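Student: Pasting query31.tsv here (TSV, C-alpha atoms and all ligand atoms):
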chain	number	residue	atom	x	y	z
A	1233	MET	CA	-63.81	-45.81	-61.78
A	1234	ILE	CA	-62.13	-46.03	-58.40
A	1235	ASP	CA	-64.44	-47.81	-55.98
A	1236	LEU	CA	-63.88	-46.07	-52.65
A	1237	LEU	CA	-65.93	-48.73	-50.83
A	1238	ARG	CA	-63.49	-51.33	-52.16
A	1239	LYS	CA	-66.37	-53.74	-52.68
A	1240	ASN	CA	-65.46	-57.39	-53.04
A	1241	GLY	CA	-68.64	-59.31	-52.35
A	1242	PRO	CA	-71.79	-58.75	-50.33
A	1243	PHE	CA	-71.78	-56.41	-47.35
A	1244	ARG	CA	-72.03	-58.24	-44.05
A	1245	LYS	CA	-72.92	-56.76	-40.68
A	1246	ALA	CA	-70.21	-57.07	-38.05
A	1247	ASN	CA	-69.94	-55.98	-34.43
A	1248	LEU	CA	-66.24	-56.04	-33.56
A	1249	HIS	CA	-66.55	-55.14	-29.87
A	1250	SER	CA	-68.60	-57.26	-27.47
A	1251	HIS	CA	-68.58	-58.56	-23.90
A	1252	THR	CA	-69.97	-61.69	-22.34
A	1253	THR	CA	-70.50	-63.23	-18.91
A	1254	ARG	CA	-66.80	-64.14	-18.96
A	1255	THR	CA	-66.22	-60.60	-17.74
A	1256	ASP	CA	-68.88	-57.95	-17.24
A	1257	GLY	CA	-71.39	-58.76	-19.97
A	1258	ARG	CA	-74.82	-60.19	-19.26
A	1259	MET	CA	-75.09	-62.58	-22.17
A	1260	THR	CA	-73.07	-65.74	-22.62
A	1261	ALA	CA	-71.06	-66.02	-25.83
A	1262	SER	CA	-73.72	-68.22	-27.41
A	1263	GLU	CA	-76.45	-65.78	-26.37
A	1264	VAL	CA	-74.45	-62.97	-27.96
A	1265	LYS	CA	-74.21	-65.02	-31.11
A	1266	GLU	CA	-77.95	-65.77	-31.22
A	1267	TRP	CA	-78.90	-62.17	-30.45
A	1268	TYR	CA	-76.77	-60.74	-33.22
A	1269	LYS	CA	-77.58	-63.46	-35.69
A	1270	ASP	CA	-81.28	-62.86	-35.09
A	1271	HIS	CA	-80.68	-59.21	-36.02
A	1272	GLY	CA	-78.90	-59.84	-39.29
A	1273	TYR	CA	-75.27	-59.86	-38.16
A	1274	GLU	CA	-72.89	-62.44	-39.59
A	1275	ILE	CA	-69.76	-61.51	-37.63
A	1276	VAL	CA	-69.10	-60.77	-33.96
A	1277	ALA	CA	-65.71	-60.28	-32.33
A	1278	PHE	CA	-65.49	-61.41	-28.71
A	1279	THR	CA	-63.39	-58.88	-26.83
A	1280	ASP	CA	-63.79	-59.45	-23.12
A	1281	HIS	CA	-61.65	-57.43	-20.72
A	1282	SER	CA	-58.12	-58.82	-20.36
A	1283	VAL	CA	-59.33	-62.34	-21.22
A	1284	TYR	CA	-58.51	-63.69	-24.64
A	1285	SER	CA	-61.56	-65.46	-26.08
A	1286	ASP	CA	-61.83	-67.80	-29.00
A	1287	TYR	CA	-65.10	-69.61	-29.69
A	1288	PRO	CA	-64.60	-71.84	-32.74
A	1289	GLU	CA	-67.63	-73.88	-31.61
A	1290	LEU	CA	-69.89	-70.90	-32.42
A	1291	ARG	CA	-68.92	-71.00	-36.09
A	1292	ASP	CA	-71.64	-71.99	-38.49
A	1293	GLU	CA	-72.37	-71.30	-42.13
A	1294	ARG	CA	-74.05	-67.98	-41.34
A	1295	PHE	CA	-71.96	-66.85	-38.37
A	1296	LEU	CA	-68.29	-66.05	-37.95
A	1297	PRO	CA	-66.83	-65.47	-34.46
A	1298	ILE	CA	-63.60	-63.48	-34.30
A	1299	ALA	CA	-61.18	-64.19	-31.45
A	1300	GLY	CA	-60.04	-61.22	-29.42
A	1301	VAL	CA	-59.38	-59.37	-26.20
A	1302	GLU	CA	-59.78	-55.81	-24.86
A	1303	THR	CA	-56.76	-54.53	-22.93
A	1304	ASP	CA	-56.80	-51.44	-20.75
A	1305	PHE	CA	-54.19	-48.98	-19.51
A	1306	CYS	CA	-55.27	-46.70	-16.69
A	1307	SER	CA	-54.23	-43.80	-14.48
A	1308	TYR	CA	-55.74	-43.22	-11.05
A	1309	ASP	CA	-56.54	-40.01	-9.21
A	1310	PRO	CA	-53.92	-39.54	-6.44
A	1311	HIS	CA	-56.62	-38.01	-4.23
A	1312	PHE	CA	-59.21	-40.73	-4.89
A	1313	PRO	CA	-57.12	-43.80	-5.72
A	1314	GLN	CA	-60.12	-45.93	-6.63
A	1315	LYS	CA	-61.10	-43.44	-9.35
A	1316	LYS	CA	-59.64	-43.56	-12.84
A	1317	THR	CA	-58.60	-40.37	-14.59
A	1318	ILE	CA	-57.58	-42.06	-17.86
A	1319	SER	CA	-58.70	-45.41	-19.19
A	1320	CYS	CA	-57.28	-46.27	-22.57
A	1321	HIS	CA	-58.86	-49.44	-24.01
A	1322	ILE	CA	-57.61	-51.23	-27.08
A	1323	ASN	CA	-59.25	-54.14	-28.85
A	1324	PHE	CA	-57.15	-56.85	-30.43
A	1325	TRP	CA	-58.43	-59.38	-32.94
A	1326	GLN	CA	-56.44	-62.41	-33.90
A	1327	GLU	CA	-56.22	-63.64	-37.44
A	1328	PHE	CA	-54.85	-67.10	-36.73
A	1329	PRO	CA	-56.39	-68.32	-33.48
A	1330	GLU	CA	-55.62	-71.88	-34.47
A	1331	SER	CA	-51.92	-71.08	-34.19
A	1332	PRO	CA	-50.31	-71.55	-30.78
A	1333	LEU	CA	-51.89	-69.07	-28.41
A	1334	ALA	CA	-49.66	-66.03	-28.60
A	1335	VAL	CA	-51.13	-63.53	-26.21
A	1336	TYR	CA	-48.84	-60.95	-24.79
A	1337	VAL	CA	-49.81	-60.02	-21.25
A	1338	PRO	CA	-48.65	-56.46	-20.53
A	1339	GLU	CA	-46.17	-56.08	-17.70
A	1340	THR	CA	-48.27	-53.25	-16.41
A	1341	HIS	CA	-51.68	-51.73	-17.04
A	1342	GLU	CA	-50.42	-48.31	-16.00
A	1343	TYR	CA	-51.28	-45.66	-18.56
A	1344	LYS	CA	-48.17	-44.54	-20.42
A	1345	VAL	CA	-48.00	-44.03	-24.17
A	1346	ASP	CA	-44.63	-45.80	-24.36
A	1347	THR	CA	-46.06	-48.85	-22.56
A	1348	ILE	CA	-49.04	-48.89	-24.92
A	1349	ASN	CA	-46.82	-48.62	-27.99
A	1350	THR	CA	-44.61	-51.50	-26.78
A	1351	TYR	CA	-47.69	-53.62	-26.15
A	1352	ILE	CA	-49.26	-52.86	-29.54
A	1353	LYS	CA	-46.01	-53.73	-31.29
A	1354	ALA	CA	-45.76	-57.07	-29.48
A	1355	MET	CA	-49.39	-57.97	-30.16
A	1356	LYS	CA	-49.13	-57.11	-33.85
A	1357	LYS	CA	-46.05	-59.29	-34.07
A	1358	ASN	CA	-48.25	-62.08	-32.74
A	1359	GLY	CA	-50.77	-61.63	-35.56
A	1360	PHE	CA	-53.25	-59.29	-33.88
A	1361	TYR	CA	-54.96	-56.25	-35.37
A	1362	CYS	CA	-55.98	-53.44	-33.03
A	1363	CYS	CA	-58.42	-50.62	-32.53
A	1364	LEU	CA	-58.51	-47.69	-30.11
A	1365	ASN	CA	-61.85	-47.98	-28.38
A	1366	HIS	CA	-64.26	-45.24	-27.29
A	1367	PRO	CA	-61.65	-42.42	-27.31
A	1368	GLY	CA	-64.33	-39.94	-26.25
A	1369	TRP	CA	-64.86	-41.90	-23.02
A	1370	SER	CA	-61.20	-42.62	-22.26
A	1371	MET	CA	-60.13	-39.05	-21.43
A	1372	LEU	CA	-56.73	-39.33	-23.09
A	1373	PRO	CA	-54.78	-36.21	-22.17
A	1374	GLY	CA	-53.72	-33.55	-24.62
A	1375	ASN	CA	-52.40	-34.87	-27.88
A	1376	ASP	CA	-51.56	-38.33	-26.59
A	1377	ILE	CA	-53.60	-39.98	-29.32
A	1378	GLU	CA	-51.15	-38.59	-31.86
A	1379	ARG	CA	-48.31	-40.46	-30.14
A	1380	ILE	CA	-49.95	-43.89	-30.20
A	1381	ASP	CA	-48.49	-45.91	-33.04
A	1382	GLY	CA	-49.75	-48.88	-34.95
A	1383	LEU	CA	-53.52	-48.58	-34.51
A	1384	ASP	CA	-55.33	-50.31	-37.35
A	1385	ALA	CA	-58.61	-48.61	-36.50
A	1386	VAL	CA	-60.28	-46.07	-34.23
A	1387	GLU	CA	-63.86	-46.28	-33.00
A	1388	VAL	CA	-65.57	-43.25	-34.47
A	1389	TYR	CA	-68.67	-44.47	-32.70
A	1390	ASN	CA	-69.01	-46.65	-29.59
A	1391	HIS	CA	-72.64	-47.36	-28.86
A	1392	GLY	CA	-72.21	-48.47	-25.24
A	1393	ALA	CA	-70.31	-45.28	-24.35
A	1394	GLU	CA	-72.97	-43.22	-26.08
A	1395	TRP	CA	-75.90	-45.04	-24.51
A	1396	ASN	CA	-74.54	-45.12	-20.97
A	1397	ASN	CA	-72.26	-42.04	-20.84
A	1398	ASN	CA	-73.14	-39.78	-23.77
A	1399	CYS	CA	-69.54	-39.91	-25.03
A	1400	GLY	CA	-69.50	-42.50	-27.77
A	1401	ASN	CA	-68.49	-40.09	-30.53
A	1402	GLY	CA	-64.82	-40.51	-31.49
A	1403	ASN	CA	-65.02	-38.36	-34.58
A	1404	ILE	CA	-62.66	-35.65	-33.36
A	1405	GLU	CA	-60.06	-38.06	-32.01
A	1406	TYR	CA	-60.18	-39.98	-35.28
A	1407	ALA	CA	-59.55	-36.81	-37.28
A	1408	MET	CA	-56.66	-35.91	-34.96
A	1409	TYR	CA	-55.13	-39.33	-35.44
A	1410	LEU	CA	-55.32	-39.10	-39.23
A	1411	ASN	CA	-54.07	-35.53	-39.26
A	1412	SER	CA	-51.03	-36.51	-37.21
A	1413	GLY	CA	-49.91	-38.65	-40.12
A	1414	HIS	CA	-51.24	-42.03	-38.99
A	1415	ARG	CA	-53.44	-44.25	-41.08
A	1416	ALA	CA	-56.27	-46.11	-39.42
A	1417	TRP	CA	-59.71	-47.29	-40.45
A	1418	ALA	CA	-62.95	-45.83	-39.09
A	1419	LEU	CA	-64.96	-48.25	-36.99
A	1420	ALA	CA	-68.34	-48.26	-35.25
A	1421	ALA	CA	-69.14	-50.94	-32.67
A	1422	ASP	CA	-71.57	-51.71	-29.89
A	1423	ASP	CA	-69.26	-52.53	-26.96
A	1424	ASN	CA	-72.33	-54.36	-25.71
A	1425	HIS	CA	-72.47	-55.45	-22.13
A	1426	ALA	CA	-76.29	-55.55	-22.13
A	1427	GLY	CA	-76.64	-54.02	-18.72
A	1428	ILE	CA	-73.22	-52.93	-17.55
A	1429	GLY	CA	-74.91	-49.88	-16.03
A	1430	GLY	CA	-74.79	-51.87	-12.83
A	1431	LYS	CA	-76.18	-55.03	-11.42
A	1432	ASP	CA	-78.75	-52.86	-9.67
A	1433	ILE	CA	-80.04	-51.20	-12.83
A	1434	ASP	CA	-82.66	-53.12	-14.70
A	1435	LEU	CA	-81.71	-52.41	-18.26
A	1436	THR	CA	-83.49	-54.29	-20.97
A	1437	HIS	CA	-81.76	-56.90	-23.05
A	1438	ASP	CA	-81.03	-54.76	-26.04
A	1439	ASP	CA	-80.14	-51.41	-24.52
A	1440	ASP	CA	-76.51	-51.23	-25.55
A	1441	THR	CA	-76.71	-53.44	-28.60
A	1442	LEU	CA	-77.45	-52.95	-32.31
A	1443	GLY	CA	-76.39	-49.28	-32.35
A	1444	GLY	CA	-73.03	-49.25	-34.16
A	1445	TRP	CA	-71.47	-51.70	-36.57
A	1446	ILE	CA	-69.51	-52.06	-39.78
A	1447	GLU	CA	-70.72	-53.23	-43.16
A	1448	ILE	CA	-67.84	-55.27	-44.50
A	1449	SER	CA	-67.67	-56.49	-48.08
A	1450	MET	CA	-66.26	-59.99	-48.42
A	1451	PRO	CA	-66.97	-62.77	-50.89
A	1452	GLU	CA	-67.06	-65.58	-48.35
A	1453	LEU	CA	-67.73	-65.76	-44.64
A	1454	THR	CA	-64.33	-66.97	-43.48
A	1455	VAL	CA	-61.70	-65.62	-41.10
A	1456	ARG	CA	-59.29	-65.26	-43.99
A	1457	HIS	CA	-61.74	-63.23	-46.07
A	1458	PHE	CA	-62.64	-61.14	-43.06
A	1459	PHE	CA	-59.06	-60.09	-42.39
A	1460	GLU	CA	-58.36	-59.56	-46.08
A	1461	ALA	CA	-61.34	-57.20	-46.23
A	1462	PHE	CA	-60.30	-55.53	-42.99
A	1463	ARG	CA	-56.74	-54.96	-44.19
A	1464	SER	CA	-57.92	-53.46	-47.46
A	1465	GLY	CA	-60.52	-51.25	-45.79
A	1466	SER	CA	-63.43	-52.87	-47.61
A	1467	PHE	CA	-65.95	-51.66	-45.07
A	1468	TYR	CA	-67.69	-48.61	-43.69
A	1469	ALA	CA	-68.85	-47.73	-40.20
A	1470	THR	CA	-72.47	-46.92	-39.45
A	1471	GLN	CA	-75.14	-46.24	-36.87
A	1472	GLY	CA	-77.81	-47.03	-39.43
A	1473	PRO	CA	-77.44	-45.10	-42.71
A	1474	LYS	CA	-76.28	-47.18	-45.65
A	1475	ILE	CA	-73.71	-46.24	-48.26
A	1476	TYR	CA	-74.60	-47.95	-51.53
A	1477	ASP	CA	-72.07	-46.42	-53.91
A	1478	TYR	CA	-69.04	-44.25	-53.30
A	1479	TYR	CA	-66.53	-43.88	-56.08
A	1480	ILE	CA	-64.41	-41.57	-58.18
A	1481	ASP	CA	-65.66	-41.20	-61.73
A	1482	GLU	CA	-62.29	-40.56	-63.34
A	1483	SER	CA	-63.76	-39.57	-66.71
A	1484	ARG	CA	-65.51	-36.62	-65.06
A	1485	ASP	CA	-63.13	-36.22	-62.11
A	1486	MET	CA	-66.05	-36.43	-59.69
A	1487	ILE	CA	-66.71	-38.11	-56.35
A	1488	VAL	CA	-70.09	-39.87	-56.54
A	1489	VAL	CA	-72.17	-40.98	-53.52
A	1490	ARG	CA	-75.41	-42.94	-53.31
A	1491	CYS	CA	-76.86	-43.75	-49.91
A	1492	SER	CA	-80.02	-44.27	-47.87
A	1493	PRO	CA	-81.98	-41.04	-47.18
A	1494	VAL	CA	-79.94	-38.59	-45.06
A	1495	LYS	CA	-79.89	-34.88	-44.37
A	1496	ASN	CA	-76.20	-34.41	-45.17
A	1497	ILE	CA	-73.59	-35.96	-47.41
A	1498	SER	CA	-70.16	-34.54	-46.64
A	1499	ILE	CA	-66.63	-34.96	-47.84
A	1500	LYS	CA	-64.14	-34.23	-45.09
A	1501	GLY	CA	-60.49	-33.55	-45.78
A	1502	SER	CA	-57.50	-32.89	-43.61
A	1503	HIS	CA	-58.64	-29.39	-42.68
A	1504	ILE	CA	-61.25	-27.86	-40.42
A	1505	GLY	CA	-64.70	-27.81	-41.92
A	1506	LEU	CA	-66.01	-29.67	-44.90
A	1507	ALA	CA	-64.28	-30.05	-48.23
A	1508	ALA	CA	-67.66	-30.39	-49.93
A	1509	HIS	CA	-71.19	-31.18	-48.89
A	1510	ALA	CA	-74.84	-31.49	-49.82
A	1511	ASN	CA	-77.25	-30.45	-47.09
A	1512	SER	CA	-80.98	-30.44	-46.43
A	1513	ASN	CA	-83.35	-29.90	-43.52
A	1514	ARG	CA	-84.92	-33.29	-44.05
A	1515	ASN	CA	-83.72	-36.81	-44.71
A	1516	ASP	CA	-84.29	-36.47	-48.42
A	1517	ILE	CA	-80.81	-36.71	-49.93
A	1518	THR	CA	-79.81	-40.02	-51.48
A	1519	PHE	CA	-77.30	-38.87	-54.10
A	1520	ALA	CA	-74.52	-36.32	-54.40
A	1521	GLU	CA	-71.48	-35.73	-56.53
A	1522	PHE	CA	-68.59	-33.40	-55.92
A	1523	PRO	CA	-65.74	-32.21	-58.17
A	1524	LEU	CA	-62.43	-33.70	-57.09
A	1525	ALA	CA	-60.64	-30.61	-58.34
A	1526	GLY	CA	-59.94	-28.39	-55.38
A	1527	ILE	CA	-60.18	-31.25	-52.89
A	1528	ARG	CA	-57.18	-32.94	-54.47
A	1529	GLU	CA	-55.07	-29.81	-54.41
A	1530	THR	CA	-55.62	-28.94	-50.76
A	1531	ASN	CA	-55.92	-32.22	-48.84
A	1532	GLN	CA	-53.76	-35.22	-48.04
A	1533	TYR	CA	-56.84	-37.42	-47.90
A	1534	PHE	CA	-60.60	-37.22	-47.90
A	1535	ARG	CA	-63.39	-39.31	-46.45
A	1536	LEU	CA	-67.16	-39.48	-46.53
A	1537	GLU	CA	-69.53	-38.79	-43.68
A	1538	ILE	CA	-73.32	-38.88	-43.95
A	1539	TRP	CA	-75.89	-38.25	-41.26
A	1540	THR	CA	-79.62	-38.05	-40.64
A	1541	THR	CA	-81.69	-35.47	-38.80
A	1542	ASP	CA	-81.50	-37.60	-35.63
A	1543	MET	CA	-77.69	-37.74	-35.98
A	1544	LYS	CA	-77.38	-41.33	-37.06
A	1545	ARG	CA	-74.10	-41.31	-38.97
A	1546	ALA	CA	-72.06	-43.41	-41.36
A	1547	PHE	CA	-68.37	-43.03	-42.17
A	1548	SER	CA	-66.30	-44.28	-45.07
A	1549	GLN	CA	-62.62	-45.09	-44.92
A	1550	PRO	CA	-60.12	-42.38	-45.91
A	1551	TYR	CA	-58.84	-42.16	-49.45
A	1552	TYR	CA	-55.26	-40.90	-49.63
A	1553	PHE	CA	-53.70	-38.87	-52.37
A	1554	GLU	CA	-50.54	-40.90	-52.54
A	1555	SER	CA	-48.32	-38.19	-53.90
A	1556	LYS	CA	-48.83	-36.02	-50.84
A	1557	SER	CA	-46.91	-36.50	-47.65
A	1558	CYS	CA	-48.75	-36.07	-44.41
A	1559	ARG	CA	-47.94	-33.27	-42.06
A	1560	LYS	CA	-46.19	-35.46	-39.53
A	1561	THR	CA	-44.99	-38.92	-40.36
A	1562	GLU	CA	-41.88	-39.25	-38.26
A	1563	LYS	CA	-42.04	-41.90	-35.58
A	1564	THR	CA	-40.07	-41.36	-32.42
B	1601	ZN	ZN	-63.60	-50.40	-23.19
B	1602	ZN	ZN	-65.46	-52.99	-24.22
In structure tokens, what does this structure look like?
Tutor:
Amino acid sequence: MIDLLRKNGPFRKANLHSHTTRTDGRMTASEVKEWYKDHGYEIVAFTDHSVYSDYPELRDERFLPIAGVETDFCSYDPHFPQKKTISCHINFWQEFPESPLAVYVPETHEYKVDTINTYIKAMKKNGFYCCLNHPGWSMLPGNDIERIDGLDAVEVYNHGAEWNNNCGNGNIEYAMYLNSGHRAWALAADDNHAGIGGKDIDLTHDDDTLGGWIEISMPELTVRHFFEAFRSGSFYATQGPKIYDYYIDESRDMIVVRCSPVKNISIKGSHIGLAAHANSNRNDITFAEFPLAGIRETNQYFRLEIWTTDMKRAFSQPYYFESKSCRKTEKT
């Protein structure tokens, strides 16, 4: 049996993208902690805009804060210089915040893929992991996403962008990134500001929270175990549906899936359309299995997506057929 969820302990709820009153959020860091803890989360990453945040004082036996920062690279409209045409945001999480603060401040926030790649490289050298945020909101031109190197993850769902702008779905950009030969994990996150819509809009406390998260499997609630689980892809992204089992039964050469009730269980490969799927008109599917034969022969990787009738989705991490080379792996 090959466990495609890479389980190594209980699943824990984590929101890896959040804002506080340090920048444009409405909750303080301790209010963010209490809010998420009250709703069953054990992990929150603090990723305020261009301000590195580390809150070791928020650590307790049932809550793990992750230190981080969200960095942006933007282009402006020459005709309306106050308006952005591109806004590429990348989250960085630091594994060893107790080490001397090693935050690389970019020389410029101007949007250029080369600048972004240089920045990512420097941050990773300093022990950070990174994620391309809300690609559906960022308006990256053409195939630029394929030229960004070193992303550890891509947000396949950003709840704040969905709630406020109807563009939180990063599914297509994620597929493009994988198909260009890169490897990155699938993430869902809130990007909660709790009211960023404007100081003049009276949004309720929970409007952009609790809508996208990961379920990460780790034996103990420590920073070390978190990053070990992150590196090994021992998590899935979700807007609500749960994936209970997802494995390859080698004796029968089958992919097996068990999940909470959904309308569709799909295996996606590196081509357009679905490699295999089970579909219904109602949320009444909780089990499916698919022959690996055929999928193996025609794909470099496959991954699981499930969704409900109201389009609440969950995404597994990709599983790669190691013997196959990807279409484009050269780095320039
Ligand atoms: Zn952002
Ligand atoms: Zn953000």
Student: Please return as a PDB file with C-alpha atoms, in the coordinates of the input the residues found within 10 Å of ligand ZN 1601 (chain B), counting only C-alpha atoms and all ligand atoms.
Tutor:
ATOM      1  CA  HIS A1249     -66.550 -55.140 -29.870  1.00  0.00           C
ATOM      2  CA  SER A1250     -68.600 -57.260 -27.470  1.00  0.00           C
ATOM      3  CA  HIS A1251     -68.580 -58.560 -23.900  1.00  0.00           C
ATOM      4  CA  THR A1279     -63.390 -58.880 -26.830  1.00  0.00           C
ATOM      5  CA  ASP A1280     -63.790 -59.450 -23.120  1.00  0.00           C
ATOM      6  CA  HIS A1281     -61.650 -57.430 -20.720  1.00  0.00           C
ATOM      7  CA  GLU A1302     -59.780 -55.810 -24.860  1.00  0.00           C
ATOM      8  CA  THR A1303     -56.760 -54.530 -22.930  1.00  0.00           C
ATOM      9  CA  ASP A1304     -56.800 -51.440 -20.750  1.00  0.00           C
ATOM     10  CA  SER A1319     -58.700 -45.410 -19.190  1.00  0.00           C
ATOM     11  CA  CYS A1320     -57.280 -46.270 -22.570  1.00  0.00           C
ATOM     12  CA  HIS A1321     -58.860 -49.440 -24.010  1.00  0.00           C
ATOM     13  CA  ILE A1322     -57.610 -51.230 -27.080  1.00  0.00           C
ATOM     14  CA  ASN A1323     -59.250 -54.140 -28.850  1.00  0.00           C
ATOM     15  CA  LEU A1364     -58.510 -47.690 -30.110  1.00  0.00           C
ATOM     16  CA  ASN A1365     -61.850 -47.980 -28.380  1.00  0.00           C
ATOM     17  CA  HIS A1366     -64.260 -45.240 -27.290  1.00  0.00           C
ATOM     18  CA  PRO A1367     -61.650 -42.420 -27.310  1.00  0.00           C
ATOM     19  CA  TRP A1369     -64.860 -41.900 -23.020  1.00  0.00           C
ATOM     20  CA  SER A1370     -61.200 -42.620 -22.260  1.00  0.00           C
ATOM     21  CA  ASN A1390     -69.010 -46.650 -29.590  1.00  0.00           C
ATOM     22  CA  GLY A1392     -72.210 -48.470 -25.240  1.00  0.00           C
ATOM     23  CA  ALA A1393     -70.310 -45.280 -24.350  1.00  0.00           C
ATOM     24  CA  ASP A1423     -69.260 -52.530 -26.960  1.00  0.00           C
ATOM     25  CA  ASN A1424     -72.330 -54.360 -25.710  1.00  0.00           C
TER      26      ASN A1424
END
Student: Could you check which of A:Ile1352, A:Val1345, A:Ala1421, A:Leu1296 is closest to ligand ZN 1602 (chain B), using all atoms listed in the file?
Tutor: A:Ala1421
Student: As an exercise, work out the distance from CA of Thr1518 (chain A) to CA of Cys1399 (chain A) in Å and give it to one decimal place.
Tutor: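 Rounded to one decimal, the two atoms are 28.4 Å apart.
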Student: For a quick check of understanding, using all atoms listed in the file, which of A:Pro1310, A:Glu1554, A:Val1301, A:Arg1294 has the smallest distance to ligand ZN 1602 (chain B)?
Tutor: A:Val1301
Student: List every protein, DNA or RNA residue that has an atom no more than 7 Å from (-77.0, -53.7, -26.9) in the file's coordinate frame, counting all atoms listed in the file, and report them as a PyMOL selection string.
Tutor: chain A and resi 1422+1424-1426+1437-1442
Student: Could you jot down the CA of Tyr1284 (chain A) to CA of Pro1329 (chain A) separation for me, Å, one decimal place?
Tutor: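 Pair CA of Tyr1284 (chain A) / CA of Pro1329 (chain A) returns 10.2 Å.
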Student: Would you list the contacts of Asp1384 (chain A) as a list in words, taking every protein, DNA or RNA residue within 7 Å and counting all atoms listed in the file, but skipping same-chain residues closer than 6 positions in sequence?
Tutor: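 Here the answer would be Tyr1361, Cys1362, Cys1363, Ala1416 and Trp1417 of chain A.
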Student: Could you write out the selected residues, including C-alpha atoms, as a PDB file, in the frame of the given file?
Tutor:
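Produced file again-v9.pdb, reproduced below:
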ATOM      1  CA  TYR A1361     -54.960 -56.250 -35.370  1.00  0.00           C
ATOM      2  CA  CYS A1362     -55.980 -53.440 -33.030  1.00  0.00           C
ATOM      3  CA  CYS A1363     -58.420 -50.620 -32.530  1.00  0.00           C
ATOM      4  CA  ALA A1416     -56.270 -46.110 -39.420  1.00  0.00           C
ATOM      5  CA  TRP A1417     -59.710 -47.290 -40.450  1.00  0.00           C
TER       6      TRP A1417
END
Student: Using only C-alpha atoms for the distances, tell me which of A:Glu1293, A:Asp1346, A:Glu1452, A:Asp1286 is nearest to Phe1328 (chain A).
Tutor: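 Under the stated criterion, the closest residue is A:Asp1286.
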Student: Which residue gives the smallest distance to ligand ZN 1602 (chain B) among A:Glu1289, A:Lys1265, A:His1503, A:His1391, with only C-alpha atoms and all ligand atoms counted?
Tutor: A:His1391
Student: Show me the residues close to (-57.3, -36.5, -48.6) - anything with an atom within 9 Å, counting all atoms listed in the file - and format the list as a list in words.
Tutor: Lys1500, Gly1501, Ser1502, Ile1527, Arg1528, Thr1530, Asn1531, Gln1532, Tyr1533, Phe1534, Arg1535, Pro1550, Tyr1551, Tyr1552, Phe1553, Glu1554 and Lys1556 of chain A
Student: Can I get the selection written as a short mmCIF file (atom, residue, chain, number, x, y, z; two decimals), in the coordinates of the input, with C-alpha atoms?
Tutor:
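Saved the output as selection10.cif:
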data_model
loop_
_atom_site.label_atom_id
_atom_site.label_comp_id
_atom_site.auth_asym_id
_atom_site.auth_seq_id
_atom_site.Cartn_x
_atom_site.Cartn_y
_atom_site.Cartn_z
CA LYS A 1500 -64.14 -34.23 -45.09
CA GLY A 1501 -60.49 -33.55 -45.78
CA SER A 1502 -57.50 -32.89 -43.61
CA ILE A 1527 -60.18 -31.25 -52.89
CA ARG A 1528 -57.18 -32.94 -54.47
CA THR A 1530 -55.62 -28.94 -50.76
CA ASN A 1531 -55.92 -32.22 -48.84
CA GLN A 1532 -53.76 -35.22 -48.04
CA TYR A 1533 -56.84 -37.42 -47.90
CA PHE A 1534 -60.60 -37.22 -47.90
CA ARG A 1535 -63.39 -39.31 -46.45
CA PRO A 1550 -60.12 -42.38 -45.91
CA TYR A 1551 -58.84 -42.16 -49.45
CA TYR A 1552 -55.26 -40.90 -49.63
CA PHE A 1553 -53.70 -38.87 -52.37
CA GLU A 1554 -50.54 -40.90 -52.54
CA LYS A 1556 -48.83 -36.02 -50.84
#
